[in-house]
Every structure is written in C-alpha cells, then in structure tokens.
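structure_8.txt (compact mmCIF, C-alpha atoms)
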# COMPACT_ATOMS: atom_id res chain seq x y z
CA MET A 48 24.22 1.93 6.98
CA LEU A 49 23.96 4.93 4.65
CA SER A 50 26.59 3.52 2.30
CA SER A 51 24.23 0.67 1.39
CA TYR A 52 21.61 3.15 0.25
CA ARG A 53 24.14 5.42 -1.44
CA GLN A 54 25.23 2.58 -3.71
CA ILE A 55 21.81 2.00 -5.24
CA PHE A 56 21.58 5.62 -6.40
CA ALA A 57 24.79 5.38 -8.40
CA ALA A 58 22.71 4.49 -11.46
CA PRO A 59 21.83 7.61 -13.52
CA GLY A 60 18.24 8.73 -13.06
CA SER A 61 17.53 6.42 -10.12
CA LEU A 62 17.09 9.17 -7.55
CA ALA A 63 14.85 11.16 -9.90
CA PHE A 64 12.40 8.33 -10.66
CA SER A 65 12.26 7.30 -7.00
CA LEU A 66 11.45 10.84 -5.85
CA ALA A 67 8.81 11.26 -8.55
CA GLY A 68 7.34 7.92 -7.51
CA PHE A 69 7.19 9.15 -3.93
CA ILE A 70 5.06 12.14 -4.95
CA ALA A 71 2.79 9.99 -7.12
CA ARG A 72 2.28 7.49 -4.28
CA MET A 73 1.11 10.05 -1.74
CA PRO A 74 -2.57 9.64 -2.74
CA ILE A 75 -2.47 5.97 -1.70
CA SER A 76 -2.29 7.01 1.94
CA MET A 77 -4.55 10.04 1.55
CA THR A 78 -7.58 8.95 -0.45
CA GLY A 79 -9.05 6.21 1.75
CA ILE A 80 -8.82 8.08 5.03
CA GLY A 81 -9.65 11.31 3.19
CA ILE A 82 -12.93 9.84 1.93
CA VAL A 83 -13.80 8.54 5.41
CA THR A 84 -13.02 11.90 7.03
CA MET A 85 -14.86 13.89 4.37
CA LEU A 86 -18.04 11.81 4.31
CA SER A 87 -18.18 11.34 8.08
CA GLN A 88 -18.44 15.13 8.28
CA LEU A 89 -20.67 15.78 5.26
CA ARG A 90 -22.96 12.74 5.59
CA GLY A 91 -22.59 11.92 9.31
CA SER A 92 -21.99 8.18 8.99
CA TYR A 93 -18.78 6.18 9.38
CA GLY A 94 -20.54 3.20 7.86
CA LEU A 95 -21.34 5.02 4.60
CA ALA A 96 -17.91 6.62 4.54
CA ALA A 97 -16.20 3.26 4.96
CA TRP A 98 -18.34 1.64 2.25
CA VAL A 99 -17.53 4.38 -0.27
CA SER A 100 -13.84 4.14 0.60
CA GLY A 101 -14.12 0.37 0.32
CA THR A 102 -15.71 0.71 -3.12
CA MET A 103 -12.66 2.58 -4.33
CA ALA A 104 -10.39 -0.12 -2.90
CA CYS A 105 -12.46 -2.90 -4.51
CA ALA A 106 -12.34 -1.08 -7.84
CA ALA A 107 -8.56 -0.87 -7.50
CA ALA A 108 -8.54 -4.62 -6.84
CA VAL A 109 -10.44 -5.22 -10.09
CA LEU A 110 -8.91 -2.54 -12.31
CA GLY A 111 -5.37 -2.22 -10.90
CA PRO A 112 -3.99 -5.52 -12.26
CA ALA A 113 -5.58 -4.78 -15.64
CA VAL A 114 -3.84 -1.39 -15.79
CA SER A 115 -0.52 -2.98 -14.84
CA TRP A 116 -1.10 -5.78 -17.39
CA LEU A 117 -1.32 -3.03 -20.01
CA VAL A 118 1.80 -1.36 -18.59
CA ASP A 119 3.84 -4.55 -19.03
CA ARG A 120 2.69 -4.84 -22.64
CA HIS A 121 2.66 -1.22 -23.81
CA GLY A 122 5.00 0.68 -21.50
CA GLN A 123 4.66 2.80 -18.38
CA ARG A 124 4.13 6.22 -19.96
CA ARG A 125 1.64 5.14 -22.60
CA VAL A 126 -0.75 3.59 -20.06
CA THR A 127 -0.16 5.64 -16.91
CA LEU A 128 -1.06 9.07 -18.29
CA PRO A 129 -4.62 8.22 -19.42
CA ALA A 130 -5.22 6.13 -16.28
CA THR A 131 -4.23 9.12 -14.16
CA ALA A 132 -6.55 11.42 -16.09
CA ILE A 133 -9.52 9.10 -15.45
CA THR A 134 -8.64 8.89 -11.73
CA VAL A 135 -8.46 12.67 -11.31
CA LEU A 136 -11.74 13.23 -13.13
CA ALA A 137 -13.45 10.65 -10.90
CA ALA A 138 -11.99 12.29 -7.78
CA VAL A 139 -13.30 15.70 -8.84
CA GLY A 140 -16.69 14.12 -9.43
CA LEU A 141 -16.68 12.61 -5.94
CA LEU A 142 -15.91 15.98 -4.34
CA LEU A 143 -18.66 17.73 -6.29
CA CYS A 144 -21.23 15.02 -5.46
CA ALA A 145 -20.30 15.02 -1.79
CA ARG A 146 -20.52 18.81 -1.53
CA SER A 147 -23.73 19.23 -3.54
CA GLY A 148 -25.69 16.56 -1.68
CA ALA A 149 -26.06 14.41 -4.79
CA PRO A 150 -27.71 10.96 -4.42
CA THR A 151 -25.66 8.46 -2.48
CA TRP A 152 -25.19 6.16 -5.47
CA THR A 153 -23.17 8.87 -7.26
CA LEU A 154 -20.55 8.66 -4.52
CA PHE A 155 -20.04 4.97 -5.24
CA VAL A 156 -19.81 5.54 -9.00
CA CYS A 157 -17.11 8.17 -8.59
CA ALA A 158 -15.25 6.08 -6.03
CA PHE A 159 -15.23 3.16 -8.47
CA GLY A 160 -13.72 5.41 -11.15
CA MET A 161 -10.90 6.32 -8.79
CA GLY A 162 -9.90 2.65 -8.78
CA VAL A 163 -8.15 3.19 -12.13
CA MET A 164 -5.30 4.91 -10.25
CA PRO A 165 -2.03 3.43 -11.59
CA SER A 166 0.23 1.49 -9.23
CA THR A 167 3.23 3.81 -9.23
CA GLY A 168 4.92 1.83 -6.49
CA SER A 169 4.93 -1.28 -8.68
CA MET A 170 6.34 0.69 -11.60
CA VAL A 171 9.11 2.17 -9.44
CA ARG A 172 10.05 -1.30 -8.22
CA ALA A 173 10.00 -2.57 -11.82
CA ARG A 174 12.58 0.10 -12.67
CA TRP A 175 14.76 -1.00 -9.76
CA ALA A 176 14.45 -4.62 -10.88
CA HIS A 177 15.49 -3.62 -14.39
CA LEU A 178 18.57 -1.86 -12.98
CA TYR A 179 19.68 -4.44 -10.40
CA ASN A 180 18.24 -7.78 -11.47
CA SER A 181 21.77 -9.20 -11.58
CA SER A 182 22.67 -7.82 -8.12
CA PRO A 183 20.37 -9.29 -5.42
CA PRO A 184 21.97 -7.34 -2.52
CA LYS A 185 21.39 -4.01 -4.26
CA LEU A 186 17.88 -5.02 -5.24
CA HIS A 187 17.13 -5.96 -1.61
CA THR A 188 18.34 -2.53 -0.52
CA ALA A 189 16.33 -0.81 -3.26
CA TYR A 190 13.14 -2.64 -2.27
CA SER A 191 13.82 -1.76 1.36
CA PHE A 192 14.25 1.88 0.43
CA GLU A 193 10.94 1.86 -1.43
CA ALA A 194 9.24 0.27 1.57
CA VAL A 195 10.58 3.15 3.66
CA VAL A 196 9.24 5.60 1.06
CA ASP A 197 5.86 3.88 1.32
CA GLU A 198 5.90 4.33 5.07
CA ILE A 199 6.91 7.99 4.78
CA CYS A 200 3.86 8.39 2.55
CA PHE A 201 1.77 6.84 5.31
CA ILE A 202 3.35 9.14 7.89
CA ILE A 203 2.76 12.34 5.94
CA GLY A 204 -0.35 11.48 3.94
CA PRO A 205 -2.90 10.81 6.69
CA ILE A 206 -1.71 13.84 8.65
CA LEU A 207 -2.19 16.09 5.62
CA SER A 208 -5.48 14.54 4.60
CA ILE A 209 -7.11 14.53 8.04
CA THR A 210 -5.72 17.89 9.14
CA LEU A 211 -6.86 19.64 5.95
CA ALA A 212 -10.27 17.95 6.02
CA THR A 213 -10.91 18.86 9.65
CA SER A 214 -9.28 22.31 9.69
CA VAL A 215 -9.85 23.79 6.20
CA PHE A 216 -12.80 22.11 4.48
CA PRO A 217 -13.89 18.45 4.28
CA GLU A 218 -12.82 17.90 0.67
CA ALA A 219 -9.35 19.39 1.07
CA GLY A 220 -7.54 16.09 1.70
CA ILE A 221 -8.85 14.43 -1.45
CA LEU A 222 -8.18 17.58 -3.45
CA LEU A 223 -4.52 17.66 -2.44
CA ALA A 224 -4.21 13.94 -3.21
CA GLY A 225 -5.31 14.66 -6.77
CA VAL A 226 -2.66 17.35 -7.09
CA PHE A 227 0.05 14.97 -5.83
CA LEU A 228 -1.05 12.26 -8.25
CA THR A 229 -1.06 14.59 -11.26
CA VAL A 230 2.31 16.19 -10.53
CA GLY A 231 4.00 12.95 -9.51
CA VAL A 232 2.87 10.98 -12.56
CA LEU A 233 3.87 13.77 -14.94
CA LEU A 234 7.36 13.88 -13.40
CA PHE A 235 7.67 10.09 -13.32
CA THR A 236 6.60 9.43 -16.90
CA ALA A 237 8.84 12.24 -18.19
CA GLN A 238 11.88 10.13 -17.24
CA ARG A 239 12.10 7.88 -20.27
CA ARG A 240 15.68 6.62 -20.01
CA THR A 241 15.02 4.55 -16.87
CA GLU A 242 11.72 3.11 -18.08
CA PRO A 243 11.95 -0.68 -18.46
CA PRO A 244 11.70 -1.86 -22.08
CA VAL A 245 8.54 -3.56 -23.24
CA HIS A 246 9.16 -7.29 -23.54
CA PRO A 247 8.46 -9.07 -26.85
CA ALA A 248 5.02 -10.62 -27.23
CA GLU A 249 6.37 -14.16 -26.90
CA HIS A 250 7.46 -13.37 -23.31
CA HIS A 251 3.84 -12.75 -22.28
CA THR A 252 2.66 -16.32 -22.75
CA GLY A 253 1.42 -18.60 -19.98
CA GLY A 254 -1.59 -16.63 -18.76
CA PRO A 255 -1.81 -13.93 -16.08
CA ALA A 256 0.74 -13.72 -13.27
CA ILE A 257 -1.86 -14.62 -10.66
CA LEU A 258 -1.81 -18.25 -11.88
CA SER A 259 1.40 -18.68 -9.89
CA GLY A 260 0.59 -20.65 -6.73
CA GLY A 261 3.19 -18.77 -4.71
CA LEU A 262 1.82 -15.41 -5.81
CA GLN A 263 -1.67 -16.52 -4.79
CA VAL A 264 -0.42 -17.14 -1.25
CA LEU A 265 1.13 -13.68 -1.13
CA VAL A 266 -2.01 -12.00 -2.46
CA VAL A 267 -4.36 -13.69 0.02
CA THR A 268 -1.99 -12.85 2.87
CA PHE A 269 -1.88 -9.26 1.64
CA VAL A 270 -5.68 -9.13 1.69
CA ALA A 271 -5.46 -9.88 5.40
CA THR A 272 -2.67 -7.33 5.82
CA GLY A 273 -4.73 -4.69 4.02
CA ALA A 274 -7.66 -5.48 6.31
CA VAL A 275 -5.36 -4.72 9.24
CA PHE A 276 -4.39 -1.36 7.73
CA GLY A 277 -7.93 -0.36 6.76
CA SER A 278 -9.51 -1.34 10.05
CA VAL A 279 -6.78 0.29 12.14
CA GLU A 280 -7.32 3.58 10.28
CA VAL A 281 -11.11 3.60 10.74
CA VAL A 282 -11.10 2.38 14.34
CA THR A 283 -8.35 4.78 15.39
CA LEU A 284 -10.21 7.69 13.78
CA ALA A 285 -13.39 6.72 15.65
CA PHE A 286 -11.47 6.10 18.90
CA ALA A 287 -9.85 9.54 18.71
CA GLU A 288 -13.26 11.13 18.12
CA GLU A 289 -14.72 9.31 21.12
CA GLN A 290 -11.91 10.72 23.24
CA GLY A 291 -12.63 14.23 21.90
CA HIS A 292 -9.43 14.53 19.83
CA LYS A 293 -10.38 13.56 16.26
CA SER A 294 -7.76 15.88 14.74
CA TRP A 295 -5.03 13.82 16.45
CA THR A 296 -5.77 10.80 14.27
CA GLY A 297 -3.21 11.66 11.62
CA LEU A 298 -0.43 11.92 14.21
CA VAL A 299 -1.42 8.64 15.85
CA LEU A 300 -1.43 6.81 12.51
CA ALA A 301 1.86 8.47 11.60
CA VAL A 302 3.44 6.83 14.65
CA TYR A 303 2.29 3.47 13.28
CA ALA A 304 3.99 4.21 9.96
CA LEU A 305 7.07 5.57 11.73
CA GLY A 306 7.66 2.22 13.45
CA SER A 307 7.48 0.47 10.08
CA CYS A 308 9.73 3.10 8.50
CA LEU A 309 12.48 2.59 11.08
CA ALA A 310 12.25 -1.18 10.72
CA GLY A 311 12.55 -0.84 6.94
CA VAL A 312 15.66 1.34 7.17
CA ILE A 313 17.39 -1.21 9.38
CA PHE A 314 16.15 -4.21 7.39
CA GLY A 315 17.52 -2.76 4.16
CA THR A 316 21.09 -2.81 5.47
CA LEU A 317 20.99 -6.46 6.53
CA ARG A 318 22.47 -9.27 4.46
CA LEU A 319 20.08 -12.01 5.39
CA LYS A 320 20.64 -15.72 5.05
CA GLY A 321 18.07 -18.46 4.82
CA SER A 322 14.91 -18.76 2.76
CA MET A 323 12.68 -15.78 1.99
CA ALA A 324 9.78 -18.24 1.94
CA THR A 325 10.34 -18.95 5.64
CA ARG A 326 10.84 -15.32 6.65
CA PHE A 327 7.47 -14.28 5.20
CA PRO A 328 5.15 -16.34 7.47
CA VAL A 329 7.33 -15.48 10.48
CA GLY A 330 6.73 -11.80 9.72
CA ALA A 331 3.00 -12.46 9.43
CA ALA A 332 3.02 -14.16 12.82
CA VAL A 333 4.77 -11.21 14.47
CA MET A 334 2.22 -8.87 12.89
CA ALA A 335 -0.65 -10.91 14.37
CA ALA A 336 0.90 -10.88 17.84
CA SER A 337 1.38 -7.10 17.66
CA MET A 338 -2.39 -6.54 17.33
CA VAL A 339 -3.18 -7.87 20.81
CA PRO A 340 -1.98 -4.77 22.74
CA LEU A 341 -4.25 -2.54 20.62
CA LEU A 342 -7.32 -4.44 21.77
CA LEU A 343 -6.27 -4.33 25.42
CA VAL A 344 -5.45 -0.63 25.37
CA GLY A 345 -8.64 0.28 23.52
CA GLU A 346 -10.77 -1.49 26.11
CA LEU A 347 -8.92 -0.39 29.27
CA VAL A 348 -7.51 3.13 28.72
CA HIS A 349 -9.46 6.26 27.81
CA GLY A 350 -8.99 9.98 27.23
CA VAL A 351 -5.64 11.48 26.23
CA GLY A 352 -3.91 8.61 28.00
CA GLY A 353 -5.75 6.18 25.77
CA LEU A 354 -4.55 7.94 22.62
CA LEU A 355 -0.97 7.97 23.90
CA ALA A 356 -1.16 4.28 24.77
CA ILE A 357 -2.66 3.46 21.36
CA SER A 358 0.18 5.43 19.74
CA ALA A 359 2.76 3.40 21.65
CA ALA A 360 1.10 0.12 20.73
CA LEU A 361 0.90 1.13 17.07
CA PHE A 362 4.57 2.17 17.04
CA VAL A 363 5.61 -1.28 18.24
CA ALA A 364 3.20 -2.98 15.83
CA GLY A 365 4.71 -1.03 12.95
CA PHE A 366 8.05 -2.82 13.31
CA SER A 367 6.60 -5.97 11.75
CA ILE A 368 5.25 -4.29 8.61
CA SER A 369 8.18 -3.22 6.41
CA PRO A 370 10.26 -6.41 6.79
CA THR A 371 7.21 -8.48 5.85
CA LEU A 372 6.34 -6.33 2.84
CA ILE A 373 9.96 -6.13 1.66
CA THR A 374 10.25 -9.91 1.80
CA ALA A 375 6.98 -10.27 -0.11
CA MET A 376 8.15 -7.97 -2.93
CA ALA A 377 11.41 -9.88 -3.18
CA LEU A 378 9.40 -13.09 -3.44
CA VAL A 379 7.28 -11.62 -6.25
CA GLU A 380 10.44 -10.70 -8.16
CA ARG A 381 11.58 -14.32 -7.96
CA LEU A 382 8.19 -15.99 -8.54
CA VAL A 383 7.02 -13.94 -11.54
CA PRO A 384 8.71 -13.66 -14.97
CA ALA A 385 10.26 -10.27 -15.75
CA ALA A 386 7.75 -9.66 -18.55
CA LYS A 387 4.94 -9.79 -15.96
CA LEU A 388 6.69 -8.11 -13.03
CA THR A 389 4.57 -4.94 -12.85
CA GLU A 390 1.41 -7.05 -13.02
CA GLY A 391 2.72 -9.42 -10.35
CA MET A 392 3.61 -6.63 -7.96
CA THR A 393 0.29 -4.95 -8.59
CA TRP A 394 -1.53 -8.14 -7.57
CA THR A 395 0.04 -7.81 -4.12
CA THR A 396 -0.97 -4.16 -3.85
CA THR A 397 -4.38 -5.19 -5.17
CA GLY A 398 -4.62 -7.66 -2.32
CA LEU A 399 -3.79 -4.84 0.07
CA ALA A 400 -6.43 -2.61 -1.52
CA LEU A 401 -9.09 -5.30 -1.32
CA GLY A 402 -8.14 -5.96 2.29
CA VAL A 403 -8.38 -2.26 3.10
CA ALA A 404 -11.90 -2.29 1.66
CA LEU A 405 -12.93 -5.30 3.72
CA GLY A 406 -11.21 -4.08 6.86
CA SER A 407 -12.46 -0.50 6.73
CA SER A 408 -16.05 -1.47 5.92
CA THR A 409 -16.14 -4.18 8.60
CA ALA A 410 -14.55 -1.86 11.14
CA GLY A 411 -17.04 0.88 10.27
CA LEU A 412 -19.95 -1.46 10.94
CA VAL A 413 -18.45 -2.68 14.22
CA VAL A 414 -17.73 0.86 15.38
CA ASP A 415 -21.26 2.02 14.55
CA ALA A 416 -22.74 -0.98 16.39
CA GLU A 417 -20.40 -1.55 19.35
CA GLY A 418 -18.15 1.51 19.68
CA ALA A 419 -14.53 2.17 18.78
CA PRO A 420 -12.72 -0.06 21.35
CA ALA A 421 -14.53 -3.16 20.08
CA GLY A 422 -13.38 -2.26 16.58
CA TYR A 423 -9.82 -3.37 17.39
CA TRP A 424 -11.04 -6.97 17.23
CA VAL A 425 -11.14 -6.53 13.44
CA PRO A 426 -7.38 -6.02 12.84
CA LEU A 427 -6.57 -8.81 15.31
CA ALA A 428 -8.82 -11.26 13.44
CA ALA A 429 -7.45 -10.16 10.06
CA ALA A 430 -3.82 -10.50 11.12
CA THR A 431 -4.47 -13.95 12.58
CA PHE A 432 -6.05 -15.07 9.32
CA GLY A 433 -3.05 -13.76 7.38
CA MET A 434 -0.66 -15.68 9.61
CA VAL A 435 -2.58 -18.92 9.04
CA VAL A 436 -2.61 -18.44 5.26
CA ALA A 437 1.12 -17.67 5.18
CA PHE A 438 2.04 -20.83 7.09
CA VAL A 439 -0.37 -23.06 5.16
CA GLY A 440 0.95 -21.65 1.88
CA LEU A 441 4.62 -22.13 2.78
CA PRO A 442 5.00 -25.25 0.56
CA ARG A 443 3.72 -23.26 -2.44
CA LEU A 444 6.21 -20.48 -1.80
CA ARG A 445 9.07 -22.95 -1.52
CA GLY A 446 7.95 -24.76 -4.64
CA GLY A 447 7.72 -21.54 -6.61
CA LEU A 448 11.21 -20.49 -5.58
CA ALA A 449 12.58 -23.91 -6.51
CA THR A 450 11.02 -23.62 -9.96
CA ALA A 451 12.43 -20.12 -10.42
CA GLU A 452 15.93 -21.24 -9.46
CA ALA A 453 15.69 -24.09 -11.96
CA GLU A 454 14.81 -21.63 -14.74
CA PRO A 455 17.30 -18.78 -14.39
CA ALA A 456 16.86 -17.57 -17.95
CA ARG A 457 13.10 -17.17 -17.91
CA GLY A 458 11.37 -13.85 -18.69
If you convert what's in this file into structure tokens, what do you get?
Amino acid sequence: MLSSYRQIFAAPGSLAFSLAGFIARMPISMTGIGIVTMLSQLRGSYGLAAWVSGTMACAAAVLGPAVSWLVDRHGQRRVTLPATAITVLAAVGLLLCARSGAPTWTLFVCAFGMGVMPSTGSMVRARWAHLYNSSPPKLHTAYSFEAVVDEICFIIGPILSITLATSVFPEAGILLAGVFLTVGVLLFTAQRRTEPPVHPAEHHTGGPAILSGGLQVLVVTFVATGAVFGSVEVVTLAFAEEQGHKSWTGLVLAVYALGSCLAGVIFGTLRLKGSMATRFPVGAAVMAASMVPLLLVGELVHGVGGLLAISAALFVAGFSISPTLITAMALVERLVPAAKLTEGMTWTTTGLALGVALGSSTAGLVVDAEGAPAGYWVPLAAATFGMVVAFVGLPRLRGGLATAEAEPARG
C-alpha cells in the first residue's frame, strides 16, 4: 500500500508543495466552524452565526472561480499572494468587529471579503496533474493522497478551532486559521520549479470551464455535498451543546473526517476498472444512505451515549466521502482542458462552499426553531438531492468523457 504513495513523491519538490498546501488548506476546515463558534458565544445566536459563515461561503462561490481563472492565466504566485493578503485583512476585520460589538452588517462585509481566499487545494492538484498527466495510475494515487490530506485538515482543523474558541477566547480559532493561511501560502508560492506553466492565450478560448455539461453536474452535486458538510457541522455543534458537552464537537467531527481519511487511503491503492462516470453517482447514493442513521440516533439517543452514537454513525458515513470526491476530481481532470484545470477544480470546491453556506444556514434555522435532533433532516435531504442529480446527470458525464477521449491533444 505504502509503495503506491512512495512512487508519487519521486518527483523533485512534490513532497514540499504538498506539505505547504496542507498548511495553507487548514483554514478551509477552521473558518466556517470557527465563525459559528465565535459568534454563537459573542452574539448568542446560531442563526446569525450560520448566516455570517454562509456569507463567507457564498462569497467564495462567487469570487473563488474568478481567482482561479486569474491563476490559470497569470500563474499561481502572482495571483495567490495578493488574494491571501485581502483574505487575512478581512479576517482581522471580522475579529475586531465581533469583539467590539460593531453593527451586525459589518460582520457580513468582512465575511464576504474572506471569500477571496485562494483555492490552494486546486492549485496543489494542478501541480500533480502537470507532473503525472501522462500516468493515470500515479495521478489517481496523487489525487487520493490529496483527498486524505483534505480529511486530515478536517480532523485537525475543527478540533483546533472549536477547542481554542471555547477554551482560550472566542476569536482564537479564526486567528490561528489566518496564521496557517499566511504561512502556508508563503511556503507554497516560494516553490517555483513545480509551478505549472501559464498556457498561451490561444489555449484559453471557448469560454469559462463551467460551460462543460459534465462539470455542471459535478458542481450541482457538490453543492448538495457541501450542504451535507455544513449542516452536519452546525447540527452536531448544537446537539453537543444540548447534551452539555459543546467542547466535544471537534472530536465528534474529527471522527467523521477520520472515516473519510481511511477510505481515501485504501481507495488510493486500488486500480479500478470501469467508468468513473458510473462510480460517481454510486458514491453519491452511498452518501445519502449513510445519513439515515444520524437522524435516528439524534432523535432516539441522548446524553453522552447520544454523542458516542453520533460519532459512530459519522465514522461510518465518512467512508463514502473520499472515494466520491477523488472520483469527482479525476472526472474534472478529464472533462476540462489543461489550460482551465485550476478553474475547473475550483468550480467543484465552489459548489462545496455554496452548499456549506446553504446547509449551515438552513440547519441553523431548523436548530433554532425545532432543536438539534430535527436538524439532521437537513443533511439527509441534501444528500438525497445530490444522489438524484448525479444519476440524472450520468449521460452528461459519459458524453463529456467520450468527447475528451476523442480529443487527446486538447489543452
């Protein structure tokens, strides 16, 4: 198993850019839940906290593809450094406004500014694609490794963010996320020799990457997947608080990510046959089925036993995540020309971000109105919608792959 991963790091500089990307991606798992935790303490409302967090996610949905569009045309370093500076300044503004009791609208303005955060995960995957575009097995392993790195971020990040916010001071989680982003991006952009070259202008014709029908299916499905993630975070935080153990939330969510992490490690060593287009909706269906136990446990079990049962259900549910996301990224690499790869991958993460906004805000409203256990209806509904979209969109995915195979020299 380890030999498969050892092979992908034979390329000079590959380990360094992947590790730097890991540091720079930590804020992805820390900022949303950090905002919810901070504002639920300082302003006393999960609804407001979820809406502010959702504003940041919506801003990322609007601004993220534009930032990545610029990256594809002007290079990673040239665009990422100023985008990071804007993000950090907006984050500092959010902390100051939250602490000083500034008008509520200022929180939304600062949260919107944080949406400029560059998609480091997409840029890391673009570097892997540049290295191993001619070796699909190695690229599959590299994407699997990055999915595992994502899940490690989601294991560590929420624990750090929630623990610091509840044990030190409410703004501590967001503050540390800003430090991770600054250090990670500086280390990542300093590695120039592995940065993909900027493609000539004539390779950027044909409009934005999102015009691809197959990519549209992936993005809409990812909106549903993001809604699952965002709602699970908010509902689990509220459920833990109802049981009198709010500080346990990070550990419970880490178990969710751990299940996905283990699945990703195993999935990366497999040499799969058959169509990626078919594997994707199957993964979405498994994800939808895995949400049912959460609803049952939330309604029937309470206290410490309820948290333990939720942890077990989340661990099992996590096994459907990484294989589905890995397959989706592999599909993007085939559906989108190389000159638009960062933009294409960012559209999927944009879908996730938009889904997180919808899921967290909806879950916050349900929790405020009906209590935490009822909130688990939100991820179940979102996952079911994603499954339907994936199956309905299967012909588009197959058609996109057929077109890509007929044009091997594109991009």
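Those residues that approach segment 410-414 of chain A to within 9 Å, counting only C-alpha atoms, are A:Ser92, A:Tyr93, A:Gly94, A:Leu95, A:Ala96, A:Ala97, A:Trp98, A:Gly277, A:Ser278, A:Val279, A:Val281, A:Val282, A:Ala285, A:Phe286, A:Leu405, A:Gly406, A:Ser407, A:Ser408, A:Ala416, A:Glu417, A:Gly418, A:Ala419, A:Pro420, A:Ala421, A:Gly422, A:Tyr423, A:Trp424, A:Val425, A:Pro426; same-chain residues fewer than 2 positions away are not listed.
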One-decimal distance in Å that lies between atom CA of Arg90 of chain A and atom CA of Leu154 of chain A: 11.2 Å
Point-to-point distance from atom CA of Met85 of chain A to atom CA of Cys200 of chain A, Å rounded to tenths: 19.6 Å
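In this comparison, which uses only C-alpha atoms, the residue of A:Ala428, A:Leu142, A:Leu86, A:Val329 approaching Leu372 of chain A most closely is A:Val329.
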Residues near Trp295 of chain A, cut-off 12 Å, only C-alpha atoms, skip fewer than 6 positions along chain, as a PyMOL selection string: chain A and resi 205-210+213-214+283-289+301-302+351+354-355+357-358
Which of A:Ala430, A:Ala189, A:Ala113, A:Ala437 sits closest to Met376 of chain A [using only C-alpha atoms]: A:Ala189
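Considering the residues A:Phe366, A:Trp175, A:Phe64, A:Tyr303 and counting only C-alpha atoms, Gly330 of chain A has its shortest atom-to-atom contact with A:Phe366.
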d(atom CA of Gly273 of chain A, atom CA of Glu218 of chain A) in Å: 24.2 Å
Residues within 8 Å of Thr316 of chain A, all atoms listed in the file, excluding chain neighbours under 4 positions, as a list in words: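 Listing them by chain and then by number gives Met48, Ser51, Tyr52, Thr188 and Val312 of chain A.
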Grab the residues selected above and save them as a CSV table (one decimal), in the frame of the given file with C-alpha atoms.
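Final output, selection-v2.csv:
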chain,number,residue,atom,x,y,z
A,48,MET,CA,24.2,1.9,7.0
A,51,SER,CA,24.2,0.7,1.4
A,52,TYR,CA,21.6,3.2,0.2
A,188,THR,CA,18.3,-2.5,-0.5
A,312,VAL,CA,15.7,1.3,7.2
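Residues surrounding Ala359 of chain A within 10 Å are A:Val299, A:Val302, A:Tyr303, A:Gly306, A:Pro340, A:Leu341, A:Val344, A:Gly353, A:Leu354, A:Ala364, A:Gly365 [all atoms listed in the file; sequence separation below 5 positions excluded].
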Given all atoms listed in the file as the counted atoms, nearest of A:Leu89, A:Ala104, A:Val333, A:Ala219 to Thr397 of chain A: A:Ala104
Who sits within 12 Å of Cys105 of chain A, only C-alpha atoms, same chain under 4 positions skipped, as a VMD selection string: chain A and resid 79 97 to 101 109 to 112 155 158 to 163 270 273 396 to 408
Given the point (8.2, -17.1, -8.2) in the coordinates of this file, which residues lie within 8 Å, counting all atoms listed in the file, and how would they look as a JSON list (two decimals) with C-alpha atoms, in the coordinates of the input?
[["chain", "number", "residue", "atom", "x", "y", "z"],
["A", 259, "SER", "CA", 1.40, -18.68, -9.89],
["A", 261, "GLY", "CA", 3.19, -18.77, -4.71],
["A", 262, "LEU", "CA", 1.82, -15.41, -5.81],
["A", 378, "LEU", "CA", 9.40, -13.09, -3.44],
["A", 379, "VAL", "CA", 7.28, -11.62, -6.25],
["A", 380, "GLU", "CA", 10.44, -10.70, -8.16],
["A", 381, "ARG", "CA", 11.58, -14.32, -7.96],
["A", 382, "LEU", "CA", 8.19, -15.99, -8.54],
["A", 383, "VAL", "CA", 7.02, -13.94, -11.54],
["A", 384, "PRO", "CA", 8.71, -13.66, -14.97],
["A", 444, "LEU", "CA", 6.21, -20.48, -1.80],
["A", 447, "GLY", "CA", 7.72, -21.54, -6.61],
["A", 448, "LEU", "CA", 11.21, -20.49, -5.58],
["A", 450, "THR", "CA", 11.02, -23.62, -9.96],
["A", 451, "ALA", "CA", 12.43, -20.12, -10.42]]
Radius query 12 Å about (9.8, -3.1, 3.7), atoms used: only C-alpha atoms, as a ChimeraX atom specification: /A:187-199,304,306-316,327,330,365-377
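Counting all atoms listed in the file and comparing A:Ala57, A:Ala212, A:Ala360, A:Ala224, the residue that lies closest to Ser294 of chain A is A:Ala212.
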Centre and edge lengths, as lines of an AutoDock Vina configuration file, for the axis-aligned box enclosing every listed atom of segment 115-126 of chain A with 4 Å of padding on each of the six sides, in Å to one decimal?
center_x = 1.8
center_y = 0.2
center_z = -19.3
size_x = 14.3
size_y = 20.0
size_z = 17.0
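Among A:Val275, A:Ile133, A:Met392, A:Ile70, the residue with the shortest atom-to-atom distance to Met434 of chain A, counting all atoms listed in the file, is A:Val275.
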